[in-house]
Amino acid sequence: MERIATVEELRQRRESYRERLELRERSNDPERVVRIRVGLDDCGIAAGARETARYFRREVERRGLEALVVPVGCMGFCDREPTVEVILPGREPVVFGSVGLPEAERILEDYLGHGTLPETVLCLPRRFFFPGAPEGPGDDDSGREGGEG
Amino acid sequence: MTIGWQVLVCGGTGCRASQSERIEKALKEEIRRCGLEDEAQVIRTGCFGFCEKGPVVKVIPDNTFYVQVRPEDAEEIVSEHLLKGCRVRRLLYVDPETHLRVSDSKHIGFYRKQLRIALRNCGFIDPENIGEYIARDGYAALGKALTGMTPEEVIGEIERSGLRGRGGGGFPTGLKWKITRQAPGERKYVVCNADEGDPGAFMDRSILEGDPHSVLEAMAINGYCTGASKGLIYIRAEYPLAVERLKTAIGQAREAGLLGDDILGSGFSFDVEIRYGAGAFVCGEETALIRSMEGQRGEAMVKPPFPSERGYAGCPTNVNNVETYANIPVILLKGADWFAGIGTERSKGTKVFALAGKINNVGLIEVPMGTTLREVIFGIGGGIKNGKKFKAVQTGGPSGGCLTEKHLDIPIDYDNLLAAGSMMGSGGMIVMDEDDCMVSMAKFYLDFTVEESCGKCAPCRVGNKRLHELLQKITGGKGTEEDLERLRNLALVIRDTALCGLGQTSPNPVLSTLDNFRDEYLAHVREQRCYAHQCRDLTQYFISPEICRGCTLCARACPVNAISGERKHPHAIDPLLCVRCGSCLEKCKFGAVRVR
Ligand SMILES: Cc1cc2nc3c(=O)[nH]c(=O)nc-3n(C[C@H](O)[C@H](O)[C@H](O)COP(=O)(O)O)c2cc1C
Ligand code: SF4
Ligand code: FES
């Protein structure tokens with residue numbers, strides 16, 4: 001590592017390493033940031049979910065968004081893949097279906113940018129799919145998993 | 001391509017012992033094989049504290065906490081989790097109470113109630129990468145002190161924070177810094193005590209392995225405050241990994257100009273060297289430590305003068321413990337008020353404890369001062385193993401005392417533990433259940449003290465040996481009630497007359513068990529019984545003839561052929577031959593073997 005000669009240089013160095021830590025910091029405190037949960041698994045991947053996830057990641061970084069892209073397992077809407085669930089801090093989760101790259105862009109612009117649901121993307125609050133469901137469908141990040149040990 | 005996954009693999013001593021290096025390698029290979037190099041990073045961190053469930057692997061961004069991972073599991077972690085987003089359920093932690101699998105460490109009882117200040121970076125950053133430390137505001141406190149604060153202001157901040165030494169004594173850290181600053185002397189030294197001789201304790205090792213820069217930064221801050229330009233870390237040679245990480249960290253800090261001449265353009269120069277200890281408990285005592293660093297015998301000296309006045313090479317020397325230092329940078333960045341807002345009235349901040357013994361979650365934890373023993377043992381520790389009954393907890397290692405059920409609700413801090421007849425010590429916490437014999441326990445700690453006494457003063461050298469002999473007599477079934485009195489009197493004399501902290505505290509396990517478990521001592525000397533069946537000479541194995549079916553299993557298991565009897569007829573144990581190993585008890589399917 002090059003010599004750090006002043007406090008200002010130390011600050012710059014911190015910024016340049018920040019990115020490496022950003023993912024861990026946000027994961028540590030996910031409720032604070034926007035969570036973009038992309039359903040992968042086989043059905044999602046076949047419909048292009050991997051590309052969608054990569055696109056979100058790249059754009060989050062490029063636009064400097066306070067967001068975390070979390071790949072998850074199958075969310076259960078296999079005919080509407082790729083499915084993406086977006087949770088704005090303090091808001092109800094919203095599930096979007098058939099999210100290719102153009103749809104992903106609308107989600108970033110309209111929903112993350114302005115808090116409005118994009119007209120061209122299929123979206124429904126997830127309670128609609130699972131009435132009364134306290135947690136999200138599929139694998140959730142509440143940290144509690146069902147099932148016997 | 002943007003990194004979307006970070007796989008943190010524990011690189012602490014515990015997990016490395018169970019092959020975490022091979023897991024790391026396997027994960028990297030698997031990631032390469034699946035073409036995920038651009039998306040997934042493997043990062044080696046320090047200890048997560050949950051060593052017993054190691055090797056630990058944590059996957060970011062969904063915070064999945066995998067335990068007891070084997071190298072063979074790497075393939076599934078990559079192909080299922082990283083490729084498809086599906087967690088590998090069989091590797092998740094199982095809650096001992098609910099029997100449910102828990103995916104996120106935040107929801108594991110062990111972590112839920114912790115507050116990590118000294119351990120803030122352990123299990124989070126790569127300790128061999130100074131960049132990751134800097135990204136976590138590392139060296140910012142040093143920068144702040146050097147360019148924006150006078151030494152007096154820094155010391156004032158530490159004083160107001162209420163931080164007290166974590167090495168055992170609990171001396172106010174700010175005050176120690178002030179005394180060292182005010183001590184006259186051209187040359188001064190900053191010493192970090194990383195001797196950690198307390199059996200079972202490993203908090204200092206974990207900090208040095210997981211976050212070595214925090215200690216270096218704090219030592220430099222101390223140098224700025226006290227006027228020292230040289231720091232010495234006294235570490236036991238038995239900590240090879242911590243030594244390695246320290247060396248790497250020192251090298252990187254020098255290269256970055258954060259150690260060396262004219263740090264951050266401030267004109268202040270400071271450098272750190274490592275000194276190795278041979279692993280004697282007494283060398284953790286500050287005056288013995290200094291003598292050992294000077295190349296002399298590790299013997300304690302009479303205080304005063306204190307090291308802050310006359311220490312290494314006769315110069316004023318500030319000695320602090322590893323954990324004490326690890327708190328310093330955060331205090332300067334977040335402020336004394338923030339720190340003083342945590343903890344109890346006279347003990348501020350948090351304390352790291354090494355939980356061990358008959359407890360479900362063994363490991364390293366950090367909790368706010370004032371947390372009760374009950375919360376630590378039954379909340380974080382997950383209660384007693386195998387549903388047994390809690391009996392006692394030894395805090396403070398060989399210098400501490402045994403606390404019981406009635407102490408469980410006292411808030412842990414320096415003063416409360418002292419008042420209860422134990423002490424904080426460096427933070428060892430050993431939990432005992434109904435199967436433990438308290439007399440044997442006291443004897444075990446005395447074994448240690450007798451072994452570790454430096455021999456300089458008679459009360460400790462001779463007294464502890466005599467104490468040990470008395471305990472031996474009692475556990476051997478030859479003790480009398482007068483011996484209990486002798487035990488107490490001798491213990492008190494040693495406590496009051498020994499030269500250094502080792503001798504002064506060594507009778508604590510005896511005194512506290514005498515106070516809290518007098519009945520058990522009485523059973524040993526009056527009835528010649530050890531109800532926990534730990535004292536061999538007081539235990540008898542016998543076979544109940546009504547229950548025995550004569551299956552011969554026990555006779556075949558006995559290593560000394562003490563069991564005789566015909567097939568299908570009741571067997572019997574010859575008490576003269578029996579060595580009380582318990583093999584027959586384990587083998588018998590009918591519960592015919594009894595102990596008393
Ligand atoms: C027998 C004995 C062993 C000690 N062992 C250690 C030790 O391993 N590590 C430590 O930091 N302090 C140990 N101490 C306490 C040190 O003497 C000293 O008080 C401490 O390092 C000061 O640092 P602190 O104020 O930050 O706690 C020991 C004391 C005694 C009497
Ligand atoms: S109390 Fe024990 S360890 Fe301390 S100086 Fe005396 S003999 Fe040495
Ligand atoms: S060494 Fe891995 S959790 Fe402690």
# chains A, B, ... in the order shown; residues from 1 in each chain; ligands from 1

$ residues_near_ligand --ligand "ligand 1" --cutoff "6 Å" --atoms "only C-alpha atoms and all ligand atoms" --output "PDB file with N, CA, C and O atoms, in the first residue's frame"
ATOM      1  N   GLY B 165      -9.425  -0.943  32.799  1.00  0.00           N
ATOM      2  CA  GLY B 165      -8.566  -1.977  32.225  1.00  0.00           C
ATOM      3  C   GLY B 165      -9.245  -3.331  32.135  1.00  0.00           C
ATOM      4  O   GLY B 165      -9.855  -3.790  33.092  1.00  0.00           O
ATOM      5  N   ARG B 166      -9.118  -3.973  30.980  1.00  0.00           N
ATOM      6  CA  ARG B 166      -9.769  -5.259  30.764  1.00  0.00           C
ATOM      7  C   ARG B 166      -8.869  -6.438  31.095  1.00  0.00           C
ATOM      8  O   ARG B 166      -9.242  -7.584  30.892  1.00  0.00           O
ATOM      9  N   GLY B 167      -7.657  -6.147  31.577  1.00  0.00           N
ATOM     10  CA  GLY B 167      -6.713  -7.223  31.872  1.00  0.00           C
ATOM     11  C   GLY B 167      -6.991  -7.898  33.199  1.00  0.00           C
ATOM     12  O   GLY B 167      -6.402  -8.918  33.519  1.00  0.00           O
ATOM     13  N   GLY B 168      -7.880  -7.322  33.986  1.00  0.00           N
ATOM     14  CA  GLY B 168      -8.229  -7.968  35.243  1.00  0.00           C
ATOM     15  C   GLY B 168      -8.426  -6.994  36.382  1.00  0.00           C
ATOM     16  O   GLY B 168      -9.391  -7.056  37.121  1.00  0.00           O
ATOM     17  N   GLY B 169      -7.503  -6.052  36.522  1.00  0.00           N
ATOM     18  CA  GLY B 169      -7.548  -5.151  37.662  1.00  0.00           C
ATOM     19  C   GLY B 169      -8.649  -4.103  37.591  1.00  0.00           C
ATOM     20  O   GLY B 169      -9.162  -3.654  38.608  1.00  0.00           O
ATOM     21  N   GLY B 170      -8.983  -3.696  36.386  1.00  0.00           N
ATOM     22  CA  GLY B 170     -10.043  -2.708  36.234  1.00  0.00           C
ATOM     23  C   GLY B 170      -9.612  -1.300  36.592  1.00  0.00           C
ATOM     24  O   GLY B 170     -10.430  -0.462  36.967  1.00  0.00           O
ATOM     25  N   PHE B 171      -8.328  -1.016  36.480  1.00  0.00           N
ATOM     26  CA  PHE B 171      -7.831   0.331  36.784  1.00  0.00           C
ATOM     27  C   PHE B 171      -8.300   1.308  35.701  1.00  0.00           C
ATOM     28  O   PHE B 171      -8.304   0.963  34.521  1.00  0.00           O
ATOM     29  N   THR B 173      -8.458   3.552  32.792  1.00  0.00           N
ATOM     30  CA  THR B 173      -7.464   3.658  31.726  1.00  0.00           C
ATOM     31  C   THR B 173      -6.976   5.097  31.515  1.00  0.00           C
ATOM     32  O   THR B 173      -5.785   5.341  31.383  1.00  0.00           O
ATOM     33  N   ASN B 193      -0.185  -5.838  26.755  1.00  0.00           N
ATOM     34  CA  ASN B 193      -0.119  -7.115  27.451  1.00  0.00           C
ATOM     35  C   ASN B 193      -0.986  -8.141  26.723  1.00  0.00           C
ATOM     36  O   ASN B 193      -2.200  -8.122  26.817  1.00  0.00           O
ATOM     37  N   ALA B 194      -0.324  -9.004  25.960  1.00  0.00           N
ATOM     38  CA  ALA B 194      -1.048 -10.053  25.230  1.00  0.00           C
ATOM     39  C   ALA B 194      -0.589 -11.412  25.733  1.00  0.00           C
ATOM     40  O   ALA B 194      -0.438 -12.348  24.967  1.00  0.00           O
ATOM     41  N   ASP B 195      -0.348 -11.486  27.042  1.00  0.00           N
ATOM     42  CA  ASP B 195       0.162 -12.740  27.584  1.00  0.00           C
ATOM     43  C   ASP B 195      -0.960 -13.763  27.763  1.00  0.00           C
ATOM     44  O   ASP B 195      -0.779 -14.937  27.518  1.00  0.00           O
ATOM     45  N   GLU B 196      -2.106 -13.280  28.171  1.00  0.00           N
ATOM     46  CA  GLU B 196      -3.315 -14.100  28.301  1.00  0.00           C
ATOM     47  C   GLU B 196      -3.048 -15.498  28.840  1.00  0.00           C
ATOM     48  O   GLU B 196      -3.146 -16.495  28.127  1.00  0.00           O
ATOM     49  N   GLY B 197      -2.715 -15.546  30.127  1.00  0.00           N
ATOM     50  CA  GLY B 197      -2.347 -16.823  30.712  1.00  0.00           C
ATOM     51  C   GLY B 197      -3.488 -17.576  31.357  1.00  0.00           C
ATOM     52  O   GLY B 197      -3.357 -18.745  31.705  1.00  0.00           O
ATOM     53  N   PHE B 281       2.151 -17.951  33.471  1.00  0.00           N
ATOM     54  CA  PHE B 281       1.006 -17.148  33.914  1.00  0.00           C
ATOM     55  C   PHE B 281       1.471 -15.866  34.595  1.00  0.00           C
ATOM     56  O   PHE B 281       0.938 -14.788  34.351  1.00  0.00           O
ATOM     57  N   VAL B 282       2.505 -15.981  35.427  1.00  0.00           N
ATOM     58  CA  VAL B 282       2.939 -14.825  36.204  1.00  0.00           C
ATOM     59  C   VAL B 282       3.473 -13.715  35.299  1.00  0.00           C
ATOM     60  O   VAL B 282       3.434 -12.534  35.637  1.00  0.00           O
ATOM     61  N   GLY B 284       2.092 -12.479  32.915  1.00  0.00           N
ATOM     62  CA  GLY B 284       1.003 -11.579  32.551  1.00  0.00           C
ATOM     63  C   GLY B 284       0.893 -10.434  33.550  1.00  0.00           C
ATOM     64  O   GLY B 284       0.319  -9.389  33.266  1.00  0.00           O
ATOM     65  N   GLU B 285       1.455 -10.657  34.737  1.00  0.00           N
ATOM     66  CA  GLU B 285       1.463  -9.594  35.747  1.00  0.00           C
ATOM     67  C   GLU B 285       2.445  -8.542  35.255  1.00  0.00           C
ATOM     68  O   GLU B 285       3.567  -8.861  34.841  1.00  0.00           O
ATOM     69  N   GLU B 286       2.044  -7.275  35.318  1.00  0.00           N
ATOM     70  CA  GLU B 286       2.793  -6.262  34.572  1.00  0.00           C
ATOM     71  C   GLU B 286       4.264  -6.112  34.954  1.00  0.00           C
ATOM     72  O   GLU B 286       5.120  -5.943  34.088  1.00  0.00           O
ATOM     73  N   VAL B 319       1.232   0.168  30.549  1.00  0.00           N
ATOM     74  CA  VAL B 319       0.844  -1.205  30.219  1.00  0.00           C
ATOM     75  C   VAL B 319      -0.680  -1.297  30.165  1.00  0.00           C
ATOM     76  O   VAL B 319      -1.360  -0.960  31.131  1.00  0.00           O
ATOM     77  N   ASN B 320      -1.196  -1.727  29.039  1.00  0.00           N
ATOM     78  CA  ASN B 320      -2.622  -2.007  28.937  1.00  0.00           C
ATOM     79  C   ASN B 320      -2.829  -3.350  28.262  1.00  0.00           C
ATOM     80  O   ASN B 320      -1.979  -3.849  27.537  1.00  0.00           O
ATOM     81  N   ASN B 321      -3.995  -3.875  28.489  1.00  0.00           N
ATOM     82  CA  ASN B 321      -4.384  -5.154  27.933  1.00  0.00           C
ATOM     83  C   ASN B 321      -4.878  -4.980  26.483  1.00  0.00           C
ATOM     84  O   ASN B 321      -5.278  -3.891  26.073  1.00  0.00           O
ATOM     85  N   THR B 324      -8.455  -3.709  26.220  1.00  0.00           N
ATOM     86  CA  THR B 324      -8.523  -2.299  26.601  1.00  0.00           C
ATOM     87  C   THR B 324      -8.177  -1.440  25.383  1.00  0.00           C
ATOM     88  O   THR B 324      -8.905  -0.502  25.041  1.00  0.00           O
ATOM     89  N   CYS B 500       2.527 -10.641  44.886  1.00  0.00           N
ATOM     90  CA  CYS B 500       1.876 -10.130  43.689  1.00  0.00           C
ATOM     91  C   CYS B 500       0.470 -10.682  43.544  1.00  0.00           C
ATOM     92  O   CYS B 500       0.014 -11.505  44.334  1.00  0.00           O
ATOM     93  N   GLY B 501      -0.202 -10.207  42.520  1.00  0.00           N
ATOM     94  CA  GLY B 501      -1.599 -10.564  42.285  1.00  0.00           C
ATOM     95  C   GLY B 501      -1.815 -12.056  42.165  1.00  0.00           C
ATOM     96  O   GLY B 501      -2.875 -12.565  42.536  1.00  0.00           O
ATOM     97  N   LEU B 502      -0.827 -12.776  41.670  1.00  0.00           N
ATOM     98  CA  LEU B 502      -1.018 -14.216  41.513  1.00  0.00           C
ATOM     99  C   LEU B 502      -1.287 -14.867  42.856  1.00  0.00           C
ATOM    100  O   LEU B 502      -2.275 -15.557  43.051  1.00  0.00           O
TER     101      LEU B 502
END

$ closest_atom_pairs --of "chain B" --to "ligand 3" --cutoff "6 Å" --atoms "only C-alpha atoms and all ligand atoms" --output "tab-separated table"
residue	atom	partner	partner_atom_place_in_ligand_line	distance
B:Cys10	CA	ligand 3	2 (Fe)	4.7
B:Gly12	CA	ligand 3	1 (S)	3.6
B:Thr13	CA	ligand 3	1 (S)	4.9
B:Gly14	CA	ligand 3	1 (S)	3.7
B:Cys15	CA	ligand 3	2 (Fe)	4.1
B:Cys47	CA	ligand 3	4 (Fe)	3.9
B:Phe48	CA	ligand 3	3 (S)	4.0
B:Gly49	CA	ligand 3	4 (Fe)	4.3
B:Phe50	CA	ligand 3	3 (S)	4.2
B:Cys51	CA	ligand 3	4 (Fe)	3.6
B:Gly54	CA	ligand 3	2 (Fe)	5.5
B:Pro55	CA	ligand 3	2 (Fe)	5.6
B:Val56	CA	ligand 3	2 (Fe)	5.7

$ write_last_selection --atoms "N, CA, C and O atoms" --output "mmCIF file, in the first residue's frame"
data_model
loop_
_atom_site.group_PDB
_atom_site.id
_atom_site.type_symbol
_atom_site.label_atom_id
_atom_site.label_comp_id
_atom_site.auth_asym_id
_atom_site.auth_seq_id
_atom_site.Cartn_x
_atom_site.Cartn_y
_atom_site.Cartn_z
ATOM 1 N N CYS B 10 -14.156 -18.338 8.329
ATOM 2 C CA CYS B 10 -13.440 -18.036 9.559
ATOM 3 C C CYS B 10 -12.004 -18.546 9.479
ATOM 4 O O CYS B 10 -11.767 -19.712 9.179
ATOM 5 N N GLY B 12 -9.916 -18.091 12.145
ATOM 6 C CA GLY B 12 -9.423 -18.074 13.526
ATOM 7 C C GLY B 12 -8.770 -19.399 13.870
ATOM 8 O O GLY B 12 -8.907 -20.382 13.149
ATOM 9 N N THR B 13 -8.078 -19.412 15.014
ATOM 10 C CA THR B 13 -7.361 -20.619 15.409
ATOM 11 C C THR B 13 -8.288 -21.828 15.534
ATOM 12 O O THR B 13 -7.972 -22.923 15.080
ATOM 13 N N GLY B 14 -9.472 -21.606 16.128
ATOM 14 C CA GLY B 14 -10.409 -22.710 16.332
ATOM 15 C C GLY B 14 -10.829 -23.344 15.021
ATOM 16 O O GLY B 14 -10.766 -24.562 14.839
ATOM 17 N N CYS B 15 -11.259 -22.525 14.076
ATOM 18 C CA CYS B 15 -11.766 -23.053 12.819
ATOM 19 C C CYS B 15 -10.646 -23.589 11.935
ATOM 20 O O CYS B 15 -10.851 -24.519 11.166
ATOM 21 N N CYS B 47 -11.965 -14.683 14.060
ATOM 22 C CA CYS B 47 -12.906 -15.553 14.770
ATOM 23 C C CYS B 47 -14.299 -14.932 14.918
ATOM 24 O O CYS B 47 -14.445 -13.767 15.228
ATOM 25 N N PHE B 48 -15.329 -15.752 14.700
ATOM 26 C CA PHE B 48 -16.716 -15.328 14.892
ATOM 27 C C PHE B 48 -17.160 -15.525 16.337
ATOM 28 O O PHE B 48 -18.268 -15.167 16.695
ATOM 29 N N GLY B 49 -16.322 -16.168 17.118
ATOM 30 C CA GLY B 49 -16.662 -16.403 18.514
ATOM 31 C C GLY B 49 -17.381 -17.716 18.752
ATOM 32 O O GLY B 49 -17.485 -18.173 19.875
ATOM 33 N N PHE B 50 -17.900 -18.318 17.677
ATOM 34 C CA PHE B 50 -18.707 -19.521 17.834
ATOM 35 C C PHE B 50 -17.875 -20.752 17.485
ATOM 36 O O PHE B 50 -18.346 -21.655 16.797
ATOM 37 N N CYS B 51 -16.643 -20.763 17.989
ATOM 38 C CA CYS B 51 -15.652 -21.751 17.562
ATOM 39 C C CYS B 51 -16.131 -23.186 17.723
ATOM 40 O O CYS B 51 -15.773 -24.056 16.943
ATOM 41 N N GLY B 54 -17.663 -24.465 14.813
ATOM 42 C CA GLY B 54 -16.873 -24.223 13.626
ATOM 43 C C GLY B 54 -16.611 -25.477 12.840
ATOM 44 O O GLY B 54 -16.893 -26.572 13.313
ATOM 45 N N PRO B 55 -16.055 -25.366 11.653
ATOM 46 C CA PRO B 55 -15.739 -24.116 10.982
ATOM 47 C C PRO B 55 -16.994 -23.337 10.561
ATOM 48 O O PRO B 55 -17.969 -23.932 10.132
ATOM 49 N N VAL B 56 -16.897 -22.034 10.708
ATOM 50 C CA VAL B 56 -18.013 -21.159 10.405
ATOM 51 C C VAL B 56 -17.792 -20.505 9.040
ATOM 52 O O VAL B 56 -16.700 -20.059 8.727
#

$ atom_distance --atom1 "atom CA of Asp515 of chain B" --atom2 "atom CA of Gln540 of chain B"
27.4 Å

$ interface_residues --of "chain A" --to "chain B" --cutoff "9 Å" --atoms "only C-alpha atoms" --output "NGL selection string"
:A and (1-7 or 9-11 or 13-21 or 23-24 or 26-28 or 30 or 38-42 or 44-45 or 50 or 53-54 or 57-58 or 61 or 68-74 or 139 or 141-149)

$ residues_around --residues "segment 104-116 of chain A" --least-positions-apart "2" --cutoff "8 Å" --atoms "only C-alpha atoms" --output "list in words"
Thr52, Tyr55, Phe56, Leu88, Val99, Gly100, Leu101, Pro102, Pro118, Thr120 and Val121 of chain A

$ closest_atom_pairs --of "chain B" --to "ligand 2" --cutoff "8 Å" --atoms "only C-alpha atoms and all ligand atoms" --output "Markdown table"
| residue | atom | partner | partner_atom_place_in_ligand_line | distance |
| --- | --- | --- | --- | --- |
| B:Val282 | CA | ligand 2 | 3 (S) | 5.7 |
| B:Glu299 | CA | ligand 2 | 8 (Fe) | 6.0 |
| B:Ala300 | CA | ligand 2 | 5 (S) | 4.8 |
| B:Met301 | CA | ligand 2 | 5 (S) | 6.9 |
| B:Glu452 | CA | ligand 2 | 3 (S) | 7.1 |
| B:Ser453 | CA | ligand 2 | 3 (S) | 4.2 |
| B:Cys454 | CA | ligand 2 | 8 (Fe) | 4.0 |
| B:Gly455 | CA | ligand 2 | 7 (S) | 3.9 |
| B:Lys456 | CA | ligand 2 | 7 (S) | 4.2 |
| B:Cys457 | CA | ligand 2 | 6 (Fe) | 4.0 |
| B:Ala458 | CA | ligand 2 | 7 (S) | 6.3 |
| B:Pro459 | CA | ligand 2 | 6 (Fe) | 6.8 |
| B:Cys460 | CA | ligand 2 | 2 (Fe) | 4.4 |
| B:Arg461 | CA | ligand 2 | 7 (S) | 5.0 |
| B:Ala498 | CA | ligand 2 | 1 (S) | 4.5 |
| B:Leu499 | CA | ligand 2 | 1 (S) | 4.5 |
| B:Cys500 | CA | ligand 2 | 4 (Fe) | 3.9 |
| B:Gly501 | CA | ligand 2 | 4 (Fe) | 6.1 |
| B:Leu502 | CA | ligand 2 | 4 (Fe) | 5.0 |
| B:Gly503 | CA | ligand 2 | 1 (S) | 3.4 |
| B:Gln504 | CA | ligand 2 | 1 (S) | 6.2 |

$ residues_around --residues "Ile155 of chain B" --least-positions-apart "4" --cutoff "9 Å" --atoms "only C-alpha atoms" --output "PyMOL selection string"
chain B and resi 150-151+159-160+173-175+177-178+222+225

$ decode --residues "segment 108-123 of chain A" --atoms "N, CA and C atoms" --output "short mmCIF file (atom, residue, chain, number, x, y, z; two decimals), in the first residue's frame"
data_model
loop_
_atom_site.label_atom_id
_atom_site.label_comp_id
_atom_site.auth_asym_id
_atom_site.auth_seq_id
_atom_site.Cartn_x
_atom_site.Cartn_y
_atom_site.Cartn_z
N LEU A 108 -36.16 0.53 -11.20
CA LEU A 108 -35.18 1.43 -10.59
C LEU A 108 -35.63 2.88 -10.71
N GLU A 109 -36.07 3.25 -11.93
CA GLU A 109 -36.46 4.65 -12.19
C GLU A 109 -37.71 5.02 -11.38
N ASP A 110 -38.76 4.23 -11.60
CA ASP A 110 -40.05 4.65 -11.04
C ASP A 110 -40.19 4.31 -9.56
N TYR A 111 -39.92 3.04 -9.23
CA TYR A 111 -40.21 2.64 -7.85
C TYR A 111 -39.12 3.09 -6.88
N LEU A 112 -37.88 2.80 -7.20
CA LEU A 112 -36.81 3.25 -6.31
C LEU A 112 -36.62 4.76 -6.41
N GLY A 113 -36.75 5.28 -7.65
CA GLY A 113 -36.51 6.70 -7.84
C GLY A 113 -37.63 7.57 -7.30
N HIS A 114 -38.87 7.21 -7.60
CA HIS A 114 -39.98 8.09 -7.26
C HIS A 114 -41.03 7.46 -6.35
N GLY A 115 -40.85 6.19 -6.04
CA GLY A 115 -41.82 5.54 -5.17
C GLY A 115 -43.14 5.22 -5.86
N THR A 116 -43.17 5.32 -7.18
CA THR A 116 -44.40 4.98 -7.89
C THR A 116 -44.24 3.65 -8.60
N LEU A 117 -45.34 2.91 -8.71
CA LEU A 117 -45.27 1.61 -9.35
C LEU A 117 -45.22 1.81 -10.87
N PRO A 118 -44.26 1.19 -11.55
CA PRO A 118 -44.16 1.36 -12.99
C PRO A 118 -45.37 0.74 -13.70
N GLU A 119 -45.91 1.46 -14.69
CA GLU A 119 -47.13 0.99 -15.34
C GLU A 119 -46.88 -0.22 -16.23
N THR A 120 -45.67 -0.29 -16.76
CA THR A 120 -45.40 -1.34 -17.74
C THR A 120 -44.93 -2.64 -17.12
N VAL A 121 -44.81 -2.68 -15.81
CA VAL A 121 -44.32 -3.90 -15.18
C VAL A 121 -45.42 -4.52 -14.33
N LEU A 122 -45.56 -5.82 -14.47
CA LEU A 122 -46.55 -6.54 -13.68
C LEU A 122 -46.15 -6.51 -12.21
N CYS A 123 -46.99 -5.89 -11.41
CA CYS A 123 -46.62 -5.83 -10.00
C CYS A 123 -47.81 -5.95 -9.08
#
